[in-house]
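Q: Just passing along the structure, written as C-alpha cells.
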Amino acid sequence: MSLWPTRARSSGCFRTARSAPFPAIGECYDLDVIVDDSIQEQPDVYLEGGDHTTLIHISQAQFSRLMAGARRGRFSVHD
C-alpha cells in the first residue's frame, strides 16, 4: 500500500478544485490519515485551502479535533 497517492490515481477524486489538489483534512473524505507527531508541538497549523492559493490557519486544538481518528508516528525529519 502506498502512503502517497499519485496525482494520476487521485485526479478523479477531487475535481472540486483546480488541478485536483489533495484534501488537507483527509478524514472528511474517508481517507486514511497519518499525522507526524512533530505537528502536535506547533501552536498553529496552516493547511492548503484546496485551490493552491488559499492558506487556512487553525489552532493546534482545532487540528487535534479534526485529526482525532488519524494514525500518528514520527516519520519526518527537520533541520
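Lettering and numbering for the C-alpha cells are positional, with chains as A, B, ... in the shown order, residues counted from 1 in each chain, and ligands counted from 1 in the shown order.
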Would you pick out the contacts of Gln42 of chain A at 12 Å or less, using only C-alpha atoms, so that residues sharing its chain but fewer than 5 positions from it are not included, and give the list as a ChimeraX atom specification?
A: /A:36-37,58-61,63-64
Q: Counting only C-alpha atoms, what is within 12 Å of Phe75 of chain A, bar same-chain residues fewer than 5 positions away, as a PyMOL selection string?
A: chain A and resi 3+34-39
Q: Fewer than 6 positions away in the same chain doesn't count, so skip those; otherwise give me all residues within 12 Å of Ala24 of chain A, counting only C-alpha atoms, as a PyMOL selection string.
A: chain A and resi 14+31+33-35+45-52+54-58+63+66-67
Q: With C-alpha atoms kept, could you save the residues just selected as a CSV table (one decimal), in the first residue's frame?
A:
```
chain,number,residue,atom,x,y,z
A,14,PHE,CA,-11.2,15.7,-6.0
A,31,LEU,CA,-9.2,8.7,3.6
A,33,VAL,CA,-4.6,9.8,7.5
A,34,ILE,CA,-1.2,9.7,9.2
A,35,VAL,CA,0.0,12.7,11.2
A,45,VAL,CA,-1.3,24.7,11.9
A,46,TYR,CA,-1.6,26.0,8.3
A,47,LEU,CA,-3.3,24.0,5.6
A,48,GLU,CA,-3.8,24.4,1.9
A,49,GLY,CA,-7.3,25.6,1.2
A,50,GLY,CA,-7.9,23.4,-1.8
A,51,ASP,CA,-7.0,25.8,-4.6
A,52,HIS,CA,-3.2,26.1,-4.4
A,54,THR,CA,-5.6,29.8,-0.2
A,55,LEU,CA,-4.0,29.2,3.2
A,56,ILE,CA,-6.1,28.2,6.2
A,57,HIS,CA,-4.9,28.9,9.8
A,58,ILE,CA,-6.2,26.7,12.6
A,63,PHE,CA,-6.3,20.5,14.3
A,66,LEU,CA,-10.1,17.3,13.1
A,67,MET,CA,-7.4,14.6,13.3
```
Q: Can you tell me how far atom CA of Gln62 of chain A sits from atom CA of Arg74 of chain A, in Å to one decimal?
A: 20.7 Å
